[in-house]
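Have a look at model.cif; it's mmCIF, C-alpha atoms:
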data_work
loop_
_atom_site.group_PDB
_atom_site.id
_atom_site.type_symbol
_atom_site.label_atom_id
_atom_site.label_comp_id
_atom_site.auth_asym_id
_atom_site.auth_seq_id
_atom_site.Cartn_x
_atom_site.Cartn_y
_atom_site.Cartn_z
ATOM 1 C CA MET V 292 -22.616 60.948 21.346
ATOM 2 C CA ALA V 293 -25.651 58.705 20.833
ATOM 3 C CA VAL V 294 -26.888 60.941 17.979
ATOM 4 C CA ARG V 295 -23.496 60.728 16.301
ATOM 5 C CA LEU V 296 -23.483 56.932 16.562
ATOM 6 C CA MET V 297 -26.986 56.797 15.128
ATOM 7 C CA VAL V 298 -25.916 58.898 12.125
ATOM 8 C CA TYR V 299 -22.878 56.658 11.644
ATOM 9 C CA VAL V 300 -25.009 53.480 11.699
ATOM 10 C CA LYS V 301 -27.584 54.971 9.327
ATOM 11 C CA THR V 302 -24.861 56.005 6.883
ATOM 12 C CA LEU V 303 -23.383 52.517 7.006
ATOM 13 C CA VAL V 304 -26.756 50.900 6.366
ATOM 14 C CA VAL V 305 -27.382 53.216 3.406
ATOM 15 C CA ILE V 306 -23.937 52.408 1.926
ATOM 16 C CA VAL V 307 -24.489 48.663 2.295
ATOM 17 C CA LEU V 308 -27.973 48.870 0.766
ATOM 18 C CA LEU V 309 -26.622 50.968 -2.095
ATOM 19 C CA GLY V 310 -23.867 48.364 -2.677
ATOM 20 C CA VAL V 311 -26.428 45.548 -2.758
ATOM 21 C CA VAL V 312 -28.596 47.471 -5.225
ATOM 22 C CA ILE V 313 -25.614 48.223 -7.502
ATOM 23 C CA LEU V 314 -24.419 44.607 -7.384
ATOM 24 C CA GLY V 315 -27.940 43.314 -8.030
ATOM 25 C CA GLY V 316 -28.340 45.765 -10.892
ATOM 26 C CA TYR V 317 -25.035 44.616 -12.398
ATOM 27 C CA LEU V 318 -26.006 40.930 -12.091
ATOM 28 C CA TYR V 319 -29.356 41.509 -13.757
ATOM 29 C CA SER V 320 -27.971 43.862 -16.417
ATOM 30 C CA GLY V 321 -26.146 41.050 -18.244
ATOM 31 C CA LEU V 322 -23.105 43.275 -18.657
ATOM 32 C CA TYR V 323 -20.624 40.694 -17.283
ATOM 33 C CA PRO V 324 -18.902 38.891 -20.199
ATOM 34 C CA ILE V 325 -19.755 35.261 -19.434
ATOM 35 C CA GLY V 326 -18.224 33.771 -22.625
ATOM 36 C CA ALA V 327 -15.397 31.272 -22.068
ATOM 37 C CA ASP V 328 -13.256 33.123 -24.609
ATOM 38 C CA THR V 329 -13.134 36.266 -22.453
ATOM 39 C CA PRO V 330 -10.945 35.812 -19.358
ATOM 40 C CA HIS V 331 -12.080 36.924 -15.911
ATOM 41 C CA ASN V 332 -10.587 40.136 -14.597
ATOM 42 C CA LYS V 333 -7.737 39.597 -12.128
ATOM 43 C CA LEU V 334 -9.881 40.165 -9.040
ATOM 44 C CA THR V 335 -12.585 37.683 -10.086
ATOM 45 C CA TYR V 336 -9.959 35.126 -11.120
ATOM 46 C CA TRP V 337 -8.129 35.472 -7.814
ATOM 47 C CA ALA V 338 -11.386 35.241 -5.816
ATOM 48 C CA LEU V 339 -12.585 32.111 -7.652
ATOM 49 C CA GLU V 340 -9.169 30.426 -7.527
ATOM 50 C CA THR V 341 -8.785 31.125 -3.812
ATOM 51 C CA LEU V 342 -12.305 29.864 -3.178
ATOM 52 C CA ARG V 343 -11.623 26.663 -5.150
ATOM 53 C CA GLU V 344 -8.200 25.881 -3.654
ATOM 54 C CA ASN V 345 -9.299 26.388 -0.056
ATOM 55 C CA SER V 346 -12.596 24.608 -0.480
ATOM 56 C CA VAL V 347 -10.929 21.510 -1.997
ATOM 57 C CA ALA V 348 -8.137 21.493 0.607
ATOM 58 C CA ARG V 349 -10.613 21.674 3.487
ATOM 59 C CA ALA V 350 -13.009 19.080 2.066
ATOM 60 C CA ALA V 351 -10.221 16.592 1.259
ATOM 61 C CA LYS V 352 -8.272 16.943 4.506
ATOM 62 C CA ALA V 353 -9.734 13.955 6.342
ATOM 63 C CA ILE V 354 -9.881 11.438 3.471
ATOM 64 C CA PRO V 355 -7.867 8.281 4.285
ATOM 65 C CA VAL V 356 -5.418 7.324 1.500
ATOM 66 C CA PRO V 357 -5.155 3.569 0.744
ATOM 67 C CA VAL V 358 -1.802 2.125 1.810
ATOM 68 C CA ASP V 359 -1.408 0.269 -1.493
ATOM 69 C CA ILE V 360 -1.867 3.377 -3.626
ATOM 70 C CA ALA V 361 1.420 2.917 -5.524
ATOM 71 C CA THR V 362 0.951 -0.686 -6.708
ATOM 72 C CA PRO V 363 1.272 -1.783 -10.376
ATOM 73 C CA SER V 364 -2.278 -3.204 -10.380
ATOM 74 C CA ARG V 365 -3.693 0.218 -9.535
ATOM 75 C CA LEU V 366 -1.679 1.774 -12.386
ATOM 76 C CA LEU V 367 -2.995 -0.839 -14.797
ATOM 77 C CA ALA V 368 -6.572 -0.347 -13.641
ATOM 78 C CA GLY V 369 -6.419 3.455 -13.568
ATOM 79 C CA GLY V 370 -4.701 3.951 -16.927
ATOM 80 C CA PRO V 371 -7.570 2.999 -19.244
ATOM 81 C CA ASP V 372 -10.055 5.061 -17.225
ATOM 82 C CA TYR V 373 -7.758 8.106 -17.358
ATOM 83 C CA ASN V 374 -7.338 7.719 -21.097
ATOM 84 C CA GLU V 375 -11.046 7.511 -21.753
ATOM 85 C CA MET V 376 -12.361 9.973 -19.182
ATOM 86 C CA CYS V 377 -9.624 12.554 -18.602
ATOM 87 C CA SER V 378 -7.023 12.732 -21.382
ATOM 88 C CA GLY V 379 -9.196 14.861 -23.686
ATOM 89 C CA CYS V 380 -8.931 17.765 -21.240
ATOM 90 C CA HIS V 381 -5.848 16.910 -19.157
ATOM 91 C CA LEU V 382 -3.750 15.599 -22.059
ATOM 92 C CA ARG V 383 -1.429 12.634 -22.513
ATOM 93 C CA PRO V 384 2.348 12.365 -23.000
ATOM 94 C CA GLY V 385 3.346 13.807 -26.364
ATOM 95 C CA ARG V 386 0.348 16.144 -26.647
ATOM 96 C CA ALA V 387 0.623 19.813 -25.717
ATOM 97 C CA GLN V 388 -2.966 20.862 -26.349
ATOM 98 C CA SER V 389 -6.422 19.743 -27.438
ATOM 99 C CA ASP V 390 -9.691 21.379 -28.417
ATOM 100 C CA PHE V 391 -10.738 21.249 -24.768
ATOM 101 C CA THR V 392 -7.565 22.820 -23.389
ATOM 102 C CA GLN V 393 -7.913 25.654 -25.882
ATOM 103 C CA GLY V 394 -11.651 26.121 -25.468
ATOM 104 C CA LEU V 395 -12.367 25.617 -21.782
ATOM 105 C CA TYR V 396 -12.042 28.457 -19.297
ATOM 106 C CA PRO V 397 -10.389 28.156 -16.897
ATOM 107 C CA ALA V 398 -8.087 25.911 -18.965
ATOM 108 C CA PRO V 399 -7.883 22.395 -17.476
ATOM 109 C CA PRO V 400 -4.483 21.701 -15.879
ATOM 110 C CA ASN V 401 -2.002 19.711 -17.969
ATOM 111 C CA LEU V 402 -1.564 16.628 -15.779
ATOM 112 C CA THR V 403 1.352 15.299 -17.816
ATOM 113 C CA ARG V 404 3.516 17.957 -16.169
ATOM 114 C CA SER V 405 5.035 17.394 -12.746
ATOM 115 C CA ALA V 406 3.435 19.116 -9.793
ATOM 116 C CA SER V 407 5.671 21.555 -7.945
ATOM 117 C CA GLU V 408 4.715 20.481 -4.412
ATOM 118 C CA GLY V 409 7.329 18.936 -2.166
ATOM 119 C CA GLU V 410 7.435 15.457 -0.687
ATOM 120 C CA ALA V 411 5.465 16.543 2.387
ATOM 121 C CA ASP V 412 2.446 17.426 0.260
ATOM 122 C CA ILE V 413 2.103 14.093 -1.529
ATOM 123 C CA ALA V 414 -0.575 12.700 0.797
ATOM 124 C CA GLN V 415 -2.649 15.878 0.638
ATOM 125 C CA ARG V 416 -2.269 16.008 -3.155
ATOM 126 C CA ARG V 417 -3.562 12.440 -3.393
ATOM 127 C CA ARG V 418 -6.551 13.316 -1.208
ATOM 128 C CA GLU V 419 -7.307 16.413 -3.293
ATOM 129 C CA HIS V 420 -7.043 14.501 -6.588
ATOM 130 C CA PHE V 421 -9.435 11.912 -5.195
ATOM 131 C CA TRP V 422 -11.893 14.538 -3.995
ATOM 132 C CA ILE V 423 -11.828 16.479 -7.263
ATOM 133 C CA ILE V 424 -12.357 13.352 -9.384
ATOM 134 C CA LYS V 425 -15.171 12.173 -7.138
ATOM 135 C CA HIS V 426 -17.022 15.462 -6.643
ATOM 136 C CA GLY V 427 -15.984 17.598 -9.625
ATOM 137 C CA ILE V 428 -15.755 21.397 -9.544
ATOM 138 C CA LYS V 429 -18.658 23.705 -10.191
ATOM 139 C CA ALA V 430 -18.644 25.837 -13.361
ATOM 140 C CA SER V 431 -15.247 24.601 -14.469
ATOM 141 C CA GLY V 432 -16.062 21.748 -16.843
ATOM 142 C CA MET V 433 -14.767 19.181 -14.317
ATOM 143 C CA PRO V 434 -17.535 16.605 -13.787
ATOM 144 C CA ALA V 435 -18.171 14.564 -10.634
ATOM 145 C CA TRP V 436 -17.286 10.944 -11.435
ATOM 146 C CA GLY V 437 -18.446 9.729 -8.015
ATOM 147 C CA PRO V 438 -22.062 8.985 -8.972
ATOM 148 C CA THR V 439 -20.959 6.493 -11.639
ATOM 149 C CA HIS V 440 -17.558 5.246 -10.399
ATOM 150 C CA ASP V 441 -16.808 3.658 -7.036
ATOM 151 C CA ASP V 442 -14.026 4.848 -4.731
ATOM 152 C CA GLU V 443 -11.626 2.063 -5.736
ATOM 153 C CA ARG V 444 -11.750 3.078 -9.386
ATOM 154 C CA ILE V 445 -11.169 6.695 -8.436
ATOM 155 C CA TRP V 446 -8.147 5.764 -6.286
ATOM 156 C CA ASN V 447 -6.793 3.798 -9.275
ATOM 157 C CA MET V 448 -6.963 6.974 -11.328
ATOM 158 C CA VAL V 449 -5.239 8.897 -8.534
ATOM 159 C CA ALA V 450 -2.447 6.294 -8.602
ATOM 160 C CA PHE V 451 -2.101 6.650 -12.366
ATOM 161 C CA LEU V 452 -2.102 10.464 -12.203
ATOM 162 C CA GLU V 453 0.814 10.358 -9.811
ATOM 163 C CA ARG V 454 3.068 8.584 -12.317
ATOM 164 C CA LEU V 455 1.665 10.192 -15.463
ATOM 165 C CA PRO V 456 4.285 12.989 -15.751
ATOM 166 C CA GLU V 457 7.073 10.374 -15.947
ATOM 167 C CA LEU V 458 5.534 8.277 -18.720
ATOM 168 C CA THR V 459 6.733 8.277 -22.311
ATOM 169 C CA PRO V 460 4.071 8.141 -25.075
ATOM 170 C CA GLU V 461 4.940 4.447 -25.595
ATOM 171 C CA GLN V 462 4.580 3.580 -21.912
ATOM 172 C CA TYR V 463 1.322 5.538 -21.774
ATOM 173 C CA GLN V 464 -0.065 3.582 -24.724
ATOM 174 C CA ILE V 465 0.674 0.264 -23.027
ATOM 175 C CA LEU V 466 -0.688 1.227 -19.612
ATOM 176 C CA THR V 467 -3.888 2.737 -20.992
ATOM 177 C CA ALA V 468 -4.802 0.069 -23.547
ATOM 178 C CA ARG V 469 -7.918 -1.682 -22.308
ATOM 179 C CA ASP V 470 -8.513 -5.251 -23.292
ATOM 180 C CA GLU V 471 -11.618 -7.318 -22.631
ATOM 181 C CA GLU V 472 -10.441 -8.730 -19.330
ATOM 182 C CA ASP V 473 -9.384 -5.387 -17.881
ATOM 183 C CA GLY V 474 -11.578 -4.065 -15.142
ATOM 184 C CA GLY V 475 -11.565 -0.867 -13.142
ATOM 185 C CA GLY V 476 -11.548 -2.643 -9.804
ATOM 186 C CA HIS V 477 -8.454 -3.145 -7.704
ATOM 187 C CA HIS V 478 -7.293 -6.688 -7.014
ATOM 188 C CA MET C 603 -57.662 5.034 -14.281
ATOM 189 C CA LYS C 604 -55.919 8.315 -15.047
ATOM 190 C CA THR C 605 -54.219 8.258 -11.623
ATOM 191 C CA SER C 606 -52.910 4.717 -12.094
ATOM 192 C CA ILE C 607 -51.402 5.621 -15.515
ATOM 193 C CA GLN C 608 -49.726 8.661 -13.995
ATOM 194 C CA THR C 609 -48.399 6.560 -11.102
ATOM 195 C CA SER C 610 -47.001 3.982 -13.534
ATOM 196 C CA LEU C 611 -45.313 6.668 -15.611
ATOM 197 C CA VAL C 612 -43.713 8.206 -12.535
ATOM 198 C CA ALA C 613 -42.566 4.766 -11.311
ATOM 199 C CA VAL C 614 -41.016 3.842 -14.686
ATOM 200 C CA SER C 615 -39.270 7.241 -14.928
ATOM 201 C CA ALA C 616 -37.905 6.887 -11.393
ATOM 202 C CA LEU C 617 -36.631 3.372 -12.180
ATOM 203 C CA LEU C 618 -34.891 4.514 -15.365
ATOM 204 C CA LEU C 619 -33.341 7.471 -13.540
ATOM 205 C CA SER C 620 -32.028 5.279 -10.722
ATOM 206 C CA LEU C 621 -30.549 2.768 -13.198
ATOM 207 C CA SER C 622 -28.743 5.501 -15.097
ATOM 208 C CA ALA C 623 -27.215 6.801 -11.854
ATOM 209 C CA GLN C 624 -25.770 3.431 -10.796
ATOM 210 C CA ALA C 625 -22.036 2.740 -11.091
ATOM 211 C CA HIS C 626 -21.301 1.174 -14.440
ATOM 212 C CA ASP C 627 -18.954 -1.553 -15.487
ATOM 213 C CA PRO C 628 -15.502 -0.571 -16.822
ATOM 214 C CA LYS C 629 -16.308 -2.554 -19.968
ATOM 215 C CA GLU C 630 -18.818 0.151 -20.856
ATOM 216 C CA HIS C 631 -15.804 2.365 -21.523
ATOM 217 C CA MET C 632 -14.473 -0.021 -24.130
ATOM 218 C CA THR C 633 -14.975 1.751 -27.397
ATOM 219 C CA LYS C 634 -11.798 1.012 -29.316
ATOM 220 C CA GLY C 635 -10.427 -2.222 -27.846
ATOM 221 C CA GLU C 636 -6.884 -0.930 -28.361
ATOM 222 C CA GLN C 637 -4.059 -3.446 -27.973
ATOM 223 C CA PRO C 638 -0.914 -2.506 -26.038
ATOM 224 C CA ASP C 639 2.049 -1.914 -28.346
ATOM 225 C CA CYS C 640 4.789 -3.737 -26.465
ATOM 226 C CA SER C 641 7.380 -3.606 -29.263
ATOM 227 C CA SER C 642 8.720 -0.257 -28.027
ATOM 228 C CA ILE C 643 9.308 -1.673 -24.553
ATOM 229 C CA MET C 644 11.146 -4.683 -25.990
ATOM 230 C CA GLN C 645 13.351 -2.316 -28.038
ATOM 231 C CA MET C 646 13.922 -0.118 -24.999
ATOM 232 C CA ASP C 647 15.032 -3.133 -22.998
ATOM 233 C CA GLN C 648 17.369 -4.226 -25.796
ATOM 234 C CA SER C 649 18.847 -0.750 -26.301
ATOM 235 C CA GLN C 650 19.362 -0.445 -22.552
ATOM 236 C CA MET C 651 21.236 -3.737 -22.649
ATOM 237 C CA HIS C 652 23.376 -2.495 -25.582
ATOM 238 C CA MET C 653 24.112 0.746 -23.729
ATOM 239 C CA ASN C 654 25.234 -1.202 -20.724
ATOM 240 C CA GLN C 655 27.426 -3.403 -22.936
ATOM 241 C CA ASP C 656 28.958 -0.355 -24.671
ATOM 242 C CA GLN C 657 29.639 1.196 -21.302
ATOM 243 C CA MET C 658 31.295 -2.040 -20.242
ATOM 244 C CA HIS C 659 33.543 -2.007 -23.323
ATOM 245 C CA LYS C 660 34.530 1.619 -22.677
ATOM 246 C CA ASP C 661 35.307 0.828 -19.089
ATOM 247 C CA GLN C 662 37.336 -2.156 -20.224
ATOM 248 C CA SER C 663 39.496 -0.235 -22.703
ATOM 249 C CA HIS C 664 39.953 3.028 -20.860
ATOM 250 C CA MET C 665 40.267 2.051 -17.281
ATOM 251 C CA HIS C 666 42.440 -1.068 -17.629
ATOM 252 C CA MET C 667 40.551 -2.962 -15.024
ATOM 253 C CA ASN C 668 41.467 -6.477 -14.219
ATOM 254 C CA GLN C 669 39.152 -9.370 -14.956
ATOM 255 C CA ASP C 670 37.875 -9.772 -11.419
ATOM 256 C CA GLN C 671 36.888 -6.134 -11.102
ATOM 257 C CA MET C 672 35.098 -6.258 -14.467
ATOM 258 C CA HIS C 673 33.222 -9.323 -13.434
ATOM 259 C CA MET C 674 32.116 -7.623 -10.220
ATOM 260 C CA ASN C 675 30.992 -4.486 -12.076
ATOM 261 C CA LYS C 676 29.039 -6.572 -14.565
ATOM 262 C CA GLU C 677 27.195 -8.269 -11.743
ATOM 263 C CA ASP C 678 26.465 -4.913 -10.075
ATOM 264 C CA MET C 679 25.097 -3.485 -13.314
ATOM 265 C CA HIS C 680 22.792 -6.423 -13.826
ATOM 266 C CA LYS C 681 21.756 -6.192 -10.198
ATOM 267 C CA ASP C 682 21.022 -2.452 -10.511
ATOM 268 C CA GLN C 683 19.018 -2.944 -13.683
ATOM 269 C CA HIS C 684 17.140 -5.840 -12.149
ATOM 270 C CA GLN C 685 16.417 -3.877 -8.974
ATOM 271 C CA MET C 686 15.250 -0.811 -10.910
ATOM 272 C CA ASP C 687 12.830 -2.856 -12.973
ATOM 273 C CA MET C 688 11.526 -4.873 -10.089
ATOM 274 C CA ASP C 689 11.073 -1.989 -7.672
ATOM 275 C CA ASP C 690 9.438 0.518 -9.965
ATOM 276 C CA PRO C 691 5.639 0.021 -10.104
ATOM 277 C CA VAL C 692 5.535 1.539 -13.605
ATOM 278 C CA MET C 693 8.055 -0.972 -14.938
ATOM 279 C CA GLN C 694 6.268 -3.787 -13.137
ATOM 280 C CA ALA C 695 2.946 -2.694 -14.614
ATOM 281 C CA LEU C 696 4.426 -2.477 -18.127
ATOM 282 C CA ARG C 697 5.964 -5.926 -17.878
ATOM 283 C CA LYS C 698 2.773 -7.397 -16.443
ATOM 284 C CA LYS C 699 0.682 -5.943 -19.253
ATOM 285 C CA CYS C 700 3.103 -7.004 -21.982
ATOM 286 C CA MET C 701 3.535 -10.508 -20.577
ATOM 287 C CA LYS C 702 -0.255 -10.878 -20.505
ATOM 288 C CA GLU C 703 -0.443 -9.604 -24.080
ATOM 289 C CA GLN C 704 2.262 -12.030 -25.203
ATOM 290 C CA GLN C 705 0.510 -14.894 -23.418
ATOM 291 C CA GLU C 706 -2.753 -14.087 -25.183
ATOM 292 C CA LYS C 707 -0.978 -13.939 -28.553
ATOM 293 C CA ASP C 708 0.644 -17.317 -27.895
ATOM 294 C CA ASP C 709 -2.707 -18.809 -26.918
ATOM 295 C CA HIS C 710 -4.339 -17.480 -30.086
ATOM 296 C CA HIS C 711 -1.444 -18.813 -32.157
ATOM 297 C CA LYS C 712 -1.755 -22.263 -30.596
ATOM 298 C CA MET C 713 -5.512 -22.268 -31.143
ATOM 299 C CA ASP C 714 -5.046 -21.267 -34.788
ATOM 300 C CA GLN C 715 -2.516 -24.043 -35.328
ATOM 301 C CA HIS C 716 -4.827 -26.485 -33.571
ATOM 302 C CA ASP C 717 -7.733 -25.446 -35.806
ATOM 303 C CA LYS C 718 -5.562 -25.738 -38.938
ATOM 304 C CA GLY C 719 -4.454 -29.206 -37.863
ATOM 305 C CA HIS C 720 -8.061 -30.304 -37.509
ATOM 306 C CA SER C 721 -9.130 -28.808 -40.834
ATOM 307 C CA HIS C 722 -6.258 -30.562 -42.665
ATOM 308 C CA GLY C 723 -6.734 -33.878 -40.853
#
Encoding of this model in structure tokens:
Amino acid sequence: MAVRLMVYVKTLVVIVLLGVVILGGYLYSGLYPIGADTPHNKLTYWALETLRENSVARAAKAIPVPVDIATPSRLLAGGPDYNEMCSGCHLRPGRAQSDFTQGLYPAPPNLTRSASEGEADIAQRRREHFWIIKHGIKASGMPAWGPTHDDERIWNMVAFLERLPELTPEQYQILTARDEEDGGGHH
Amino acid sequence: MKTSIQTSLVAVSALLLSLSAQAHDPKEHMTKGEQPDCSSIMQMDQSQMHMNQDQMHKDQSHMHMNQDQMHMNKEDMHKDQHQMDMDDPVMQALRKKCMKEQQEKDDHHKMDQHDKGHSHG
């Protein structure tokens, strides 16, 4: 019985070591197509997407959302920042694509479209938007804006994002125009 | 001597790095100085008013309402429109921005007229 168990353990160790060697060999071989114009295979895409979604959801779970998140002053403060920092990749009303949406992989989400989550998920969606803007996402083209923008400015962008799918191109132009007195801070 | 130069270089580099990492002013984003185009909102408001008026005329001709009922409906419509505009943060933000824009235009206009008055006088 003990001999049998020993053989079983040895076989398992050999299989695991072989797997590590094959994986290492593949990583060092350079065979994986790393170009952004070649999509991941379904397994890699699923693994990375699952990793991203769960990581963001867990990290954002405890972030307190400001009670005044839906105020006009936040929309006015967040609009110009969105236009200058985000619209190139995440688009604006009236635009269906840009060089970035066509060239980046994975393609950045079109934030002018409504999210499909229900009412119960609004608070969590706000937290996740805040976390993503602040910390960015590795190897996706999404930068972390936290080092150069304070939390208030990021919440202003979250507020603007929430109403973005409803805006017409004309309304977007007005809300995102930045004049000299406009600031990013919330008043 | 060599050590002090190296120390200075490291200190200056560290200072520059820390400055670049600090939060920057929103004005640093200002590259175009684009003005809000409020004409579309004015037109939207006017067309909304016309639509409401047209609807009122249709109601008047087709439904044969009496004057009191019409008057009540008119008040309700204005109330609804007023409530919608006042309650919606997007509409409030648009109005706030456009009113500010209009105010600035008026101020510039007054200043121009004031300057012209002085130059002619």
Can you check which residues of chain V have any atom within 10 Å of chain C? Use all atoms listed in the file and format it as a ChimeraX atom specification.
/V:361-368,371-372,375-376,436-441,444,451,454-455,457-458,461-476
Keeping only C-alpha atoms, write those residues as a short mmCIF file (atom, residue, chain, number, x, y, z; two decimals), in the coordinates of the input.
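File produced: selection_11.cif:
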data_model
loop_
_atom_site.label_atom_id
_atom_site.label_comp_id
_atom_site.auth_asym_id
_atom_site.auth_seq_id
_atom_site.Cartn_x
_atom_site.Cartn_y
_atom_site.Cartn_z
CA ALA V 361 1.42 2.92 -5.52
CA THR V 362 0.95 -0.69 -6.71
CA PRO V 363 1.27 -1.78 -10.38
CA SER V 364 -2.28 -3.20 -10.38
CA ARG V 365 -3.69 0.22 -9.54
CA LEU V 366 -1.68 1.77 -12.39
CA LEU V 367 -3.00 -0.84 -14.80
CA ALA V 368 -6.57 -0.35 -13.64
CA PRO V 371 -7.57 3.00 -19.24
CA ASP V 372 -10.06 5.06 -17.23
CA GLU V 375 -11.05 7.51 -21.75
CA MET V 376 -12.36 9.97 -19.18
CA TRP V 436 -17.29 10.94 -11.44
CA GLY V 437 -18.45 9.73 -8.02
CA PRO V 438 -22.06 8.98 -8.97
CA THR V 439 -20.96 6.49 -11.64
CA HIS V 440 -17.56 5.25 -10.40
CA ASP V 441 -16.81 3.66 -7.04
CA ARG V 444 -11.75 3.08 -9.39
CA PHE V 451 -2.10 6.65 -12.37
CA ARG V 454 3.07 8.58 -12.32
CA LEU V 455 1.66 10.19 -15.46
CA GLU V 457 7.07 10.37 -15.95
CA LEU V 458 5.53 8.28 -18.72
CA GLU V 461 4.94 4.45 -25.60
CA GLN V 462 4.58 3.58 -21.91
CA TYR V 463 1.32 5.54 -21.77
CA GLN V 464 -0.06 3.58 -24.72
CA ILE V 465 0.67 0.26 -23.03
CA LEU V 466 -0.69 1.23 -19.61
CA THR V 467 -3.89 2.74 -20.99
CA ALA V 468 -4.80 0.07 -23.55
CA ARG V 469 -7.92 -1.68 -22.31
CA ASP V 470 -8.51 -5.25 -23.29
CA GLU V 471 -11.62 -7.32 -22.63
CA GLU V 472 -10.44 -8.73 -19.33
CA ASP V 473 -9.38 -5.39 -17.88
CA GLY V 474 -11.58 -4.07 -15.14
CA GLY V 475 -11.56 -0.87 -13.14
CA GLY V 476 -11.55 -2.64 -9.80
#
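In this structure, CA of Cys380 in chain V sits 11.4 Å away from CA of Pro434 in chain V.
Across the structure, CA of Tyr396 in chain V and CA of Ala353 in chain V are spaced 29.5 Å apart.
Within the 9 Å cut-off around Ile423 in chain V, using all atoms listed in the file and omitting residues fewer than 3 positions from it on the same chain, the listed residues are V:Val347, V:Ala351, V:Arg418, V:Glu419, V:His420, V:His426, V:Gly427, V:Ile428, V:Met433, V:Pro434, V:Ala435, V:Trp436.
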Evaluated on this file, the PyMOL selection byres ((chain V and resi 356) around 10) picks out some residues - which ones are they, written as a list in words?
Ala353, Ile354, Pro355, Pro357, Val358, Asp359, Ile360, Ala414, Gln415, Arg417, Arg418, Phe421 and Trp446 of chain V
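Shortest atom-to-atom contact with Lys352 in chain V among V:Arg295, V:Lys333, V:Asp412, V:Val311: V:Asp412, counting only C-alpha atoms.
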Provide the CA of Ile413 in chain V to CA of Pro456 in chain V distance in Å, to one decimal place.
14.4 Å
